[in-house]
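The structure appears right after this line, and notes come after that.
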Amino acid sequence: MIYRKFKDLDISMLGFGLMRLPVKEDGRIDEELTAEMVDYAMKHGVNYYDTAWPYHSGTSENVIGRILKNYPRDSFYLADKFPGHAVSEKYDPADTFEKQLKKCQVDYFDFYLLHNVYENSLKTYEDPRWGIFDYFIEQKKQGRIKHLGFSSHADLPTLKEILDKYAADMEFCQLQINYLDWTVEKAKEKYELVSEYGLPIIIMEPVRGGKLAKLPEDLAAELDGDKSAASYALRWTQKLDKVFTVLSGMTAMEHVVDNVAAFEKEAPLTDEEEKVIMKAADRMKNDIPCTACRYCTESCPMELDIPDLLFKYNQVRAGGGFTVGMQLDSYPEDKKPSACIGCGACMEMCPQKIAIPDELAAFAEFMAGQRSWADICKERAEAEKRMEEA
């Protein structure tokens with residue numbers, strides 16, 4: 001197993017993400033199989049385990065708590081997160097934190113994160129009514145949190161705002177990084193920005209929820225047929241020296257075996273291998289060829305940030321609708337893609353001859369069919385309540 005330094009700790013470069021555990025027909029986590037998967041991971045050097053309050057409707061913490069109780073406390077690093085990103089009427093960091101410690105059957109968390117600090121949730125995290133930042137900084141002082149950080153799906157300007165305000169109190173940052181999002185989600189720029197502030201990085205979604213677990217047949221034929229497409233996505237991350245662990249959400253034992261093999265030794269992609277997977281990324285993008293010249297914005301009567309909206313639509317076309325939906329929640333109604341009146345003034349200025357009104361209309365139609373983040377949070381809260389009552 002490859003290990004990377006975080007301060008004075010040796011962290012396995014493969015981290016076990018506990019968001020996509022195997023489930024039974026009734027939807028409950030298959031705890032027996034999960035225990036076998038964790039045991040294989042432990043025996044092969046994986047020492048970082050990442051859960052969160054909403055994972056598996058609140059049951060991921062319970063399950064990993066019972067499983068890790070079978071191992072010495074100093075043999076693993078456990079990470080959990082405060083759900084300030086969830087839509088709620090009130091937030092109680094102390095109550096949530098105490099419940100998390102109890103559910104995970106530990107006295108402290110090795111790593112603790114403010115979960116998805118982004119455009120909308122930043123307001124919650126900064127709200128003086130809840131005192132979230134102050135509470136968790138105090139828990140760190142008391143030793144109940146060994147290392148405090150945050151995860152984020154924010155756009156670059158908001159990520160910079162977060163870092164400007166709070167980097168001094170944060171020890172690490174968790175970002176969505178993979179070879180597709182390196183350009184689609186501006187992961188390269190986010191990686192470089194966080195690195196400038198001196199924060200080590202944890203990668204989430206290295207295989208993009210399974211999207212990168214399959215390559216086009218013609219491109220796969222150019223690679224070693226004995227290695228999985230997912231392993232190439234994981235090995236791609238080895239070139240990023242500011243990263244200390246890569247979280248993989250593993251659903252089956254074969255995923256654990258394959259992921260462990262990908263980090264068995266230092267083996268970053270060769271130049272030829274990287275050329276192949278970047279060809280695959282280009283196919284997945286299906287980009288609208290906007291160059292962000294901004295000529296269109298000068299003529300838009302609605303004063304829409306058209307390059308930003310087209311960038312987000314490209315994210316959607318590449319399968320990133322969930323993140324985009326959260327970000328658009330923070331936009332005023334008159335700045336969303338649905339605000340386009342279809343006048344066509346932008347097209348007259350566009351050097352790329354993009355049918356901008358048509359693209360924005362398609363974008364708006366797609367987003368109208370998506371569940372809102374508020375609805376998702378409500379469903380999760382109801383599921384957690386049912387679990388507690390059961």
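Residue numbering restarts at 1 in every chain; chains get A, B, ... in the order shown in the structure tokens, and ligands count up from 1 in that same order.
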Which of stretch 228-302 of chain A counts as helix (DSSP H, G or I) under DSSP, as a VMD selection string please? chain A and resid 229 to 239 253 to 262 271 to 285 295 to 299
Polymer residues at most 6 Å from stretch 143-151 of chain A, only C-alpha atoms, same-chain spacing of 6 or more positions, as a PyMOL selection string: chain A and resi 108-116+170-174
To one decimal place, how far is atom CA of A:Phe136 from atom CA of A:Leu14 in Å? 26.3 Å
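Contact shell of A:Leu159 at 10 Å (only C-alpha atoms; same-chain neighbours under 3 positions omitted): Val117, Tyr118, Glu119, Ser152, His153, Ala154, Asp155, Leu156, Ile162, Leu163, Asp164, Lys190, Leu193 and Val194 of chain A.
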For stretch 208-224 of chain A, work out the shell of residues within 8 Å, counting only C-alpha atoms and skipping chain neighbours fewer than 6 positions away, then give it as a PyMOL selection string. chain A and resi 178+230+233+249+273+276-277+279-280
For stretch 37-109 of chain A against stretch 23-31 of chain A, with a cut-off of 8 Å and counting only C-alpha atoms, what is the closest atom pair and its distance in Å to one decimal for every residue that makes the cut, ordered by chain and number, as a Markdown table?
| residue | atom | partner | partner_atom | distance |
| --- | --- | --- | --- | --- |
| A:His56 | CA | A:Ile29 | CA | 7.6 |
| A:Thr59 | CA | A:Ile29 | CA | 7.8 |
| A:Ser60 | CA | A:Ile29 | CA | 7.8 |
| A:Val63 | CA | A:Glu31 | CA | 6.6 |
I need the residues in stretch 82-111 of chain A that are strand (DSSP E or B) according to DSSP; give them as a PyMOL selection string. chain A and resi 82+109-111
Using C-alpha atoms, can you write the selected residues to a file as a short mmCIF file (atom, residue, chain, number, x, y, z; two decimals), in the first residue's frame?
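Just written: out_27.cif:
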data_model
loop_
_atom_site.label_atom_id
_atom_site.label_comp_id
_atom_site.auth_asym_id
_atom_site.auth_seq_id
_atom_site.Cartn_x
_atom_site.Cartn_y
_atom_site.Cartn_z
CA PHE A 82 -21.18 17.86 10.07
CA PHE A 109 -12.62 11.57 15.32
CA ASP A 110 -9.23 11.55 13.67
CA PHE A 111 -10.55 13.75 10.86
#
Skip A:Glu303 itself and residues of its chain fewer than 5 positions away, then list as a tab-separated table (two decimals) with N, CA and C atoms, in the first residue's frame all residues within 10 Å of it, counting only C-alpha atoms.
chain	number	residue	atom	x	y	z
A	296	CYS	N	-20.95	37.90	-25.54
A	296	CYS	CA	-22.40	37.70	-25.44
A	296	CYS	C	-23.02	38.46	-24.28
A	297	THR	N	-22.27	38.58	-23.19
A	297	THR	CA	-22.85	39.21	-22.00
A	297	THR	C	-23.10	40.70	-22.21
A	298	GLU	N	-22.35	41.30	-23.12
A	298	GLU	CA	-22.50	42.74	-23.37
A	298	GLU	C	-23.84	43.06	-24.00
A	334	ASP	N	-33.78	35.39	-11.63
A	334	ASP	CA	-33.55	36.13	-12.87
A	334	ASP	C	-32.14	35.98	-13.42
A	335	LYS	N	-31.34	35.09	-12.79
A	335	LYS	CA	-29.99	34.82	-13.30
A	335	LYS	C	-29.79	33.35	-13.66
A	339	ALA	N	-34.17	32.16	-17.14
A	339	ALA	CA	-34.45	33.59	-17.30
A	339	ALA	C	-34.18	34.09	-18.72
A	340	CYS	N	-33.55	33.25	-19.54
A	340	CYS	CA	-33.29	33.64	-20.93
A	340	CYS	C	-34.61	33.87	-21.66
